[in-house]
Amino acid sequence: MSNFKRTLITSALPYANGPVHIGHLAGVYVPADIYARYLRLKGEEVLFIGGSDEHGVPITLKAKKEGTTPQAIVDKYHGMIKDSFEKFGISFDVYSRTSAKIHHETAAEIFKTISDKGGFVEQTTEQFFDSEANQFLADRYITGTCPKCNFDKAYGDQCESCGTSLNATDLINPKSMLSGNVPVMKETKHWYLPLDQYEPWLKEWILEEHKEWKPNVYGQCKSWLDGGLNPRAVTRDLDWGVPVPIEGAEGKVLYVWFDAPIGYISATKELTPDWEKYWKDPETRMLHFIGKDNIVFHCIIFPVILKAEGSYILPDNVPANEFLNLEGDKISTSRNWAVWLHEYLVDFPGKEDVLKYTLTANAPETKDNDFTWKDFQTRNNSELVAILGNFVNRVLVLTNKYYEGIVPVAGNFEPRDEEALATLVQLRTDVEKALDTFHFREALRLAMEMARLGNKYLADMEPWILIKTDPERVKTILHVCLQITANLTIVFEPFLPYTMNKLRSFLQMEKLNWNDLGRRDLLKAGDRVNTPELLFEKIEDDAIQRQVDKLLSTKKANEAELATVVPAKANIEYDDFAKLDIRTGTIIAAEKVAKTKKLLKLTIDTGIDQRTVVSGIAEQYEPEQIIGRRVSILVNLAPKNLKGIESQGMILMAENQEGKLVFVIPADEIANGSEIR
RNA sequence: UGUGGGGUAGAGCAGUUGGUAGCUCGUCGGGCUCAUAACCCGGAGGUCGUGGGUUCGAGUCCUACCCCCGCUACCA
């Protein structure tokens, strides 16, 4: 680690189809920013890169839906995202975007270089094409009937009902999700990155040389490598993106995951003509801060691209975080289940550091974590206000009260003073160790330990009592307290930059270097300090309640939206209906099918017989609570083997848009076996 | 389906190479009164997901299973 001259920090490019939320901040930008600030404070050479990822299919779809152009979409969100980051003080050296000219040039150039070296494999395949939308369709954008289980909403890549992975061509009655039309097969040529050829090298590089990577990152890579890598298409038939810079590739663009990480390089180019020193000098240490969904792209695909190009360095570490949930539910842009940064800035002005603190203290470093407004309030009130803010306030109030704001001269240090001052040095070592290994949560806790130390020291020394009997001693005590306070400005600088600015202005201090941390002479006797304002203020219940209410109304709005009814299917003849034999029945036994999450094995009395039916309702019904329930059952459905159990029929359920299932049952008492028609 | 991470006190989380289970918040009791009813001390609260196994000794290693969350399937 010590043989590196400089550090290049990249942070995942947020996708410009929506604003950024607390999940982005907690997962990537806050830890990356803390690390960048920490290294800068140590006087190291650092470059911190960010930018918006503006290509890909979802953006074109969103543009279509809103009746505008992809460029208009990305302009809007890039602006919002950039603004939010600025206001939160994410200290990018450059924040660029992938629709920038320099990025198109850079990405094209890298593609061209690899292509000229023969680094791609070209392959022509048949793919579904939507003639109305004039567009090839990704598997995910095709829906149809599963050939295995007859589920009629299977996707082109997998059936969510039976879990089988599919090819889009397997689907019965495929339909385009864009237009609803039947897609046609059409030939298309694409360029593939032969990841398989890099497997031995990747195994050596990651599995042998980077055992220090976080367990989630290392494990994920190992699983990909153990499973064997396949060539991966890096071009797409689309009109939005970086055009493939090769003859015969008209109308094709680079796959968004090929061009996005190259955005780190183009952003560096945009910043400085000296960019190559960061990307090609082996003495540069490159770090990718990302979320867990990005692991494979940053640990396998992007390194292979860089390796194939030949002249670039590779990441030294990829500290990926897990995900942050919000009030128990997954954060979702499309469901509007998020705390949006631009809204937070309006609702909690001047409290950027508070959110950053909360997100760091509860960062999803080893597993998914949950953000709750209650926790946010507690952390602010019990930690920032009560421990850090309060200590600073106590010291400054006492200094003003006893010495008119002048730092007093220290007498001889007693063992208890020495002990407190020595702890500062120890804490510095501990915080450094945590930061160097990307344990930001731990680092923050240790920093807070310094404020605790101050509070305890004050409580033990009781200067407010000693002032009556031994005023000389009190000078030493407050001198020590002021040195602790001064040290706080350094140790918290990477975490709470705005707040530390404020604290330095109270102390009339210049910004110091990390190497000054632990010193006992940061303030000199005779220095003046200002009368303090509050460093943090309490957050009251009503402010929290407003946020909770906001989320509740989002939930309601989502439910209302889901209540929309799907349009009727095409007409059928009576004979079609008459083929169905539906009867009333009763559930007489029910048990969960092992190793599945949705399936229940039911035994039904149909009046005709007792038979076994496997039904996908386990997520909403417990086996014991449905025994004895009346049901309607389709009895002449061809038997079907599900998870090794033969299912003889189908229970009729009403299902709403949300996926909620309800039994369809006769309204009054009627014998089992009665026909429904 | 396969695969990665996780399951430790009421909540949120640490637990490095196996050696007396910790931290923050909350809670209960006490102290203090300089401080934003803040601070300091002490207590209660855990069969470390479950069952087997290795070991003198297992939260930690092996094994089987259960549950949660991702990825696989372009949301950090």
# chains A, B, ... in the order shown; residues from 1 in each chain; ligands from 1
$ interface_residues --of "chain A" --to "chain B" --cutoff "6 Å" --atoms "only C-alpha atoms (C1' of nucleotides)" --output "tab-separated table (two decimals) with all heavy atoms, in the first residue's frame"
chain	number	residue	atom	x	y	z
A	23	GLY	N	-30.01	6.08	-0.58
A	23	GLY	CA	-29.32	4.82	-0.87
A	23	GLY	C	-28.04	5.06	-1.64
A	23	GLY	O	-27.00	4.46	-1.35
A	24	HIS	N	-28.12	5.95	-2.62
A	24	HIS	CA	-26.91	6.31	-3.38
A	24	HIS	C	-25.85	6.85	-2.43
A	24	HIS	O	-24.69	6.47	-2.47
A	24	HIS	CB	-27.22	7.39	-4.42
A	24	HIS	CG	-28.11	6.94	-5.54
A	24	HIS	ND1	-29.45	7.22	-5.58
A	24	HIS	CD2	-27.85	6.24	-6.66
A	24	HIS	CE1	-29.98	6.72	-6.68
A	24	HIS	NE2	-29.03	6.11	-7.37
A	27	GLY	N	-24.51	4.17	0.11
A	27	GLY	CA	-23.80	3.05	-0.49
A	27	GLY	C	-22.46	3.46	-1.09
A	27	GLY	O	-21.49	2.71	-1.01
A	216	ASN	N	-18.07	-9.81	0.69
A	216	ASN	CA	-19.15	-9.79	-0.30
A	216	ASN	C	-18.61	-9.64	-1.72
A	216	ASN	O	-19.12	-10.25	-2.66
A	216	ASN	CB	-20.16	-8.68	0.03
A	216	ASN	CG	-19.53	-7.30	0.12
A	216	ASN	OD1	-18.32	-7.16	0.27
A	216	ASN	ND2	-20.33	-6.26	0.02
A	219	GLY	N	-16.40	-12.94	-2.55
A	219	GLY	CA	-17.30	-14.08	-2.71
A	219	GLY	C	-18.06	-14.04	-4.03
A	219	GLY	O	-18.18	-15.04	-4.73
A	220	GLN	N	-18.54	-12.85	-4.35
A	220	GLN	CA	-19.29	-12.69	-5.59
A	220	GLN	C	-18.40	-12.99	-6.81
A	220	GLN	O	-18.81	-13.69	-7.72
A	220	GLN	CB	-19.81	-11.25	-5.68
A	220	GLN	CG	-20.62	-10.97	-6.88
A	220	GLN	CD	-22.11	-11.13	-6.64
A	220	GLN	OE1	-22.87	-10.80	-7.51
A	220	GLN	NE2	-22.52	-11.61	-5.51
A	291	GLY	N	-21.99	0.04	-5.27
A	291	GLY	CA	-22.96	-0.76	-4.54
A	291	GLY	C	-22.87	-2.20	-5.02
A	291	GLY	O	-22.25	-2.48	-6.05
A	367	LYS	N	-24.01	-5.90	5.39
A	367	LYS	CA	-25.29	-6.46	4.98
A	367	LYS	C	-26.27	-5.32	4.75
A	367	LYS	O	-26.00	-4.18	5.12
A	367	LYS	CB	-25.82	-7.42	6.04
A	367	LYS	CG	-26.11	-6.73	7.35
A	367	LYS	CD	-26.84	-7.65	8.29
A	367	LYS	CE	-27.27	-6.93	9.53
A	367	LYS	NZ	-27.87	-7.79	10.51
A	386	ALA	N	-26.21	15.67	21.75
A	386	ALA	CA	-25.94	15.41	23.16
A	386	ALA	C	-24.47	15.12	23.45
A	386	ALA	O	-23.98	15.42	24.52
A	386	ALA	CB	-26.79	14.24	23.64
A	394	ARG	N	-20.18	23.08	26.05
A	394	ARG	CA	-19.76	23.16	27.45
A	394	ARG	C	-18.40	23.84	27.56
A	394	ARG	O	-18.19	24.74	28.39
A	394	ARG	CB	-19.65	21.76	28.07
A	394	ARG	CG	-20.97	21.03	28.17
A	394	ARG	CD	-20.75	19.58	28.56
A	394	ARG	NE	-20.63	19.40	30.00
A	394	ARG	CZ	-20.40	18.21	30.58
A	394	ARG	NH1	-20.27	17.13	29.84
A	394	ARG	NH2	-20.31	18.13	31.88
A	459	ALA	N	-16.72	15.73	33.34
A	459	ALA	CA	-17.52	15.26	34.48
A	459	ALA	C	-16.62	14.83	35.64
A	459	ALA	O	-16.94	15.08	36.80
A	459	ALA	CB	-18.41	14.09	34.03
A	464	TRP	N	-16.41	23.32	37.43
A	464	TRP	CA	-17.39	24.26	37.98
A	464	TRP	C	-17.42	24.24	39.50
A	464	TRP	O	-17.93	25.16	40.12
A	464	TRP	CB	-18.79	23.97	37.42
A	464	TRP	CG	-19.15	22.51	37.47
A	464	TRP	CD1	-19.78	21.87	38.49
A	464	TRP	CD2	-18.90	21.54	36.47
A	464	TRP	NE1	-19.92	20.55	38.20
A	464	TRP	CE2	-19.39	20.31	36.95
A	464	TRP	CE3	-18.28	21.57	35.21
A	464	TRP	CZ2	-19.30	19.11	36.22
A	464	TRP	CZ3	-18.21	20.39	34.50
A	464	TRP	CH2	-18.71	19.19	34.99
$ residues_around --residues "G18 of chain B" --least-positions-apart "5" --cutoff "10 Å" --atoms "only C-alpha atoms (C1' of nucleotides)" --output "list in words"
U55, G57, A58, G59, U60 and C61 of chain B
$ select_by_dssp --residues "segment 489-618 of chain A" --states "helix (DSSP H, G or I)" --output "ChimeraX atom specification"
/A:489-491,497-507,514-516,541-562,574-578
$ closest_residue --among "A:Ser332, A:Val20, A:Gly56, A:Leu444" --to "Leu427 of chain A" --atoms "only C-alpha atoms"
A:Leu444
$ residues_around --residues "C28 of chain B" --least-positions-apart "4" --cutoff "12 Å" --atoms "only C-alpha atoms (C1' of nucleotides)" --output "NGL selection string"
:B and (42-45)
$ closest_residue --among "B:U27, B:U8, B:U17, B:U63" --to "C48 of chain B" --atoms "only C-alpha atoms (C1' of nucleotides)"
B:U8
$ select_by_dssp --residues "segment 199-376 of chain A" --states "strand (DSSP E)" --output "NGL selection string"
:A and (232-233 or 235-237 or 252-254 or 284-291 or 315-317 or 320-321 or 324-326 or 329-330 or 369-371)
$ residues_around --residues "Leu41 of chain A" --least-positions-apart "4" --cutoff "9 Å" --atoms "only C-alpha atoms (C1' of nucleotides)" --output "compact mmCIF listing (two decimals) with N, CA and C atoms, in the first residue's frame"
# COMPACT_ATOMS: atom_id res chain seq x y z
N ALA A 36 -11.88 10.20 0.39
CA ALA A 36 -11.16 11.22 -0.37
C ALA A 36 -10.73 12.37 0.55
N ARG A 37 -11.64 12.80 1.41
CA ARG A 37 -11.30 13.90 2.32
C ARG A 37 -10.19 13.50 3.29
N ILE A 490 -10.27 18.11 13.51
CA ILE A 490 -9.52 17.30 12.53
C ILE A 490 -10.17 15.93 12.36
N GLU A 493 -13.36 16.07 10.42
CA GLU A 493 -13.34 16.76 9.13
C GLU A 493 -13.77 15.87 7.95
N PRO A 494 -13.32 14.63 7.86
CA PRO A 494 -13.77 13.83 6.72
C PRO A 494 -15.26 13.50 6.76
N LEU A 512 -6.52 22.33 9.69
CA LEU A 512 -5.25 21.69 9.95
C LEU A 512 -5.10 20.41 9.14
N ASN A 513 -3.93 19.84 9.24
CA ASN A 513 -3.62 18.60 8.55
C ASN A 513 -3.93 17.42 9.46
N TRP A 514 -4.23 16.28 8.84
CA TRP A 514 -4.50 15.08 9.62
C TRP A 514 -3.33 14.75 10.56
N ASN A 515 -2.14 15.05 10.11
CA ASN A 515 -0.96 14.71 10.93
C ASN A 515 -0.87 15.54 12.20
$ residues_around --residues "segment 308-318 of chain A" --least-positions-apart "5" --cutoff "6 Å" --atoms "only C-alpha atoms (C1' of nucleotides)" --output "VMD selection string"
chain A and resid 114 279 to 280 285 to 288
$ write_last_selection --atoms "N, CA, C and O atoms" --output "short mmCIF file (atom, residue, chain, number, x, y, z; two decimals), in the first residue's frame"
data_model
loop_
_atom_site.label_atom_id
_atom_site.label_comp_id
_atom_site.auth_asym_id
_atom_site.auth_seq_id
_atom_site.Cartn_x
_atom_site.Cartn_y
_atom_site.Cartn_z
N ILE A 114 -9.33 -2.02 -28.84
CA ILE A 114 -9.51 -3.44 -28.56
C ILE A 114 -9.88 -4.17 -29.84
O ILE A 114 -9.37 -5.26 -30.14
N TRP A 279 -4.21 7.06 -14.79
CA TRP A 279 -4.78 5.83 -15.36
C TRP A 279 -3.76 4.83 -15.87
O TRP A 279 -4.09 3.68 -16.12
N LYS A 280 -2.54 5.30 -16.05
CA LYS A 280 -1.58 4.39 -16.68
C LYS A 280 -0.31 4.18 -15.86
O LYS A 280 0.52 3.35 -16.22
N ARG A 285 -2.92 4.23 -7.24
CA ARG A 285 -3.79 3.23 -6.61
C ARG A 285 -5.23 3.57 -6.97
O ARG A 285 -5.74 4.62 -6.59
N MET A 286 -5.89 2.68 -7.69
CA MET A 286 -7.27 2.96 -8.10
C MET A 286 -8.26 2.20 -7.21
O MET A 286 -8.09 1.03 -6.92
N LEU A 287 -9.30 2.93 -6.79
CA LEU A 287 -10.34 2.34 -5.93
C LEU A 287 -11.70 2.62 -6.55
O LEU A 287 -11.99 3.74 -6.96
N HIS A 288 -12.52 1.61 -6.63
CA HIS A 288 -13.89 1.81 -7.11
C HIS A 288 -14.85 1.70 -5.92
O HIS A 288 -15.00 0.63 -5.34
#
$ atom_distance --atom1 "atom CA of Pro408 of chain A" --atom2 "atom CA of Lys475 of chain A"
5.4 Å
$ decode --residues "segment 576-589 of chain A" --atoms "N, CA, C and O atoms" --output "PDB file, in the first residue's frame"
ATOM      1  N   ASP A 576     -65.440 -22.257 -26.000  1.00  0.00           N
ATOM      2  CA  ASP A 576     -64.139 -22.140 -25.354  1.00  0.00           C
ATOM      3  C   ASP A 576     -64.306 -22.199 -23.842  1.00  0.00           C
ATOM      4  O   ASP A 576     -63.563 -22.852 -23.126  1.00  0.00           O
ATOM      5  N   PHE A 577     -65.341 -21.497 -23.363  1.00  0.00           N
ATOM      6  CA  PHE A 577     -65.590 -21.466 -21.925  1.00  0.00           C
ATOM      7  C   PHE A 577     -66.070 -22.826 -21.432  1.00  0.00           C
ATOM      8  O   PHE A 577     -65.664 -23.306 -20.371  1.00  0.00           O
ATOM      9  N   ALA A 578     -66.934 -23.452 -22.258  1.00  0.00           N
ATOM     10  CA  ALA A 578     -67.555 -24.701 -21.819  1.00  0.00           C
ATOM     11  C   ALA A 578     -66.539 -25.810 -21.603  1.00  0.00           C
ATOM     12  O   ALA A 578     -66.810 -26.785 -20.900  1.00  0.00           O
ATOM     13  N   LYS A 579     -65.370 -25.653 -22.203  1.00  0.00           N
ATOM     14  CA  LYS A 579     -64.338 -26.673 -22.018  1.00  0.00           C
ATOM     15  C   LYS A 579     -63.838 -26.706 -20.572  1.00  0.00           C
ATOM     16  O   LYS A 579     -63.306 -27.716 -20.120  1.00  0.00           O
ATOM     17  N   LEU A 580     -63.983 -25.608 -19.894  1.00  0.00           N
ATOM     18  CA  LEU A 580     -63.479 -25.547 -18.523  1.00  0.00           C
ATOM     19  C   LEU A 580     -64.442 -26.262 -17.575  1.00  0.00           C
ATOM     20  O   LEU A 580     -65.646 -26.045 -17.620  1.00  0.00           O
ATOM     21  N   ASP A 581     -63.885 -27.116 -16.717  1.00  0.00           N
ATOM     22  CA  ASP A 581     -64.715 -27.781 -15.708  1.00  0.00           C
ATOM     23  C   ASP A 581     -64.292 -27.266 -14.333  1.00  0.00           C
ATOM     24  O   ASP A 581     -63.279 -27.698 -13.775  1.00  0.00           O
ATOM     25  N   ILE A 582     -65.088 -26.313 -13.856  1.00  0.00           N
ATOM     26  CA  ILE A 582     -64.751 -25.696 -12.572  1.00  0.00           C
ATOM     27  C   ILE A 582     -65.737 -26.166 -11.510  1.00  0.00           C
ATOM     28  O   ILE A 582     -66.945 -26.185 -11.744  1.00  0.00           O
ATOM     29  N   ARG A 583     -65.232 -26.585 -10.347  1.00  0.00           N
ATOM     30  CA  ARG A 583     -66.100 -27.116  -9.290  1.00  0.00           C
ATOM     31  C   ARG A 583     -65.839 -26.398  -7.965  1.00  0.00           C
ATOM     32  O   ARG A 583     -64.787 -25.801  -7.764  1.00  0.00           O
ATOM     33  N   THR A 584     -66.800 -26.529  -7.084  1.00  0.00           N
ATOM     34  CA  THR A 584     -66.568 -26.069  -5.727  1.00  0.00           C
ATOM     35  C   THR A 584     -65.864 -27.184  -4.955  1.00  0.00           C
ATOM     36  O   THR A 584     -66.091 -28.366  -5.203  1.00  0.00           O
ATOM     37  N   GLY A 585     -65.020 -26.789  -4.031  1.00  0.00           N
ATOM     38  CA  GLY A 585     -64.294 -27.781  -3.247  1.00  0.00           C
ATOM     39  C   GLY A 585     -63.908 -27.220  -1.890  1.00  0.00           C
ATOM     40  O   GLY A 585     -64.248 -26.085  -1.550  1.00  0.00           O
ATOM     41  N   THR A 586     -63.181 -28.044  -1.105  1.00  0.00           N
ATOM     42  CA  THR A 586     -62.734 -27.624   0.221  1.00  0.00           C
ATOM     43  C   THR A 586     -61.288 -28.069   0.418  1.00  0.00           C
ATOM     44  O   THR A 586     -60.926 -29.183   0.033  1.00  0.00           O
ATOM     45  N   ILE A 587     -60.498 -27.165   0.987  1.00  0.00           N
ATOM     46  CA  ILE A 587     -59.115 -27.545   1.301  1.00  0.00           C
ATOM     47  C   ILE A 587     -59.132 -28.418   2.548  1.00  0.00           C
ATOM     48  O   ILE A 587     -59.635 -28.002   3.591  1.00  0.00           O
ATOM     49  N   ILE A 588     -58.597 -29.637   2.434  1.00  0.00           N
ATOM     50  CA  ILE A 588     -58.598 -30.486   3.628  1.00  0.00           C
ATOM     51  C   ILE A 588     -57.186 -30.669   4.195  1.00  0.00           C
ATOM     52  O   ILE A 588     -57.021 -31.128   5.320  1.00  0.00           O
ATOM     53  N   ALA A 589     -56.181 -30.288   3.435  1.00  0.00           N
ATOM     54  CA  ALA A 589     -54.827 -30.318   3.990  1.00  0.00           C
ATOM     55  C   ALA A 589     -53.982 -29.317   3.221  1.00  0.00           C
ATOM     56  O   ALA A 589     -54.274 -29.025   2.058  1.00  0.00           O
TER      57      ALA A 589
END
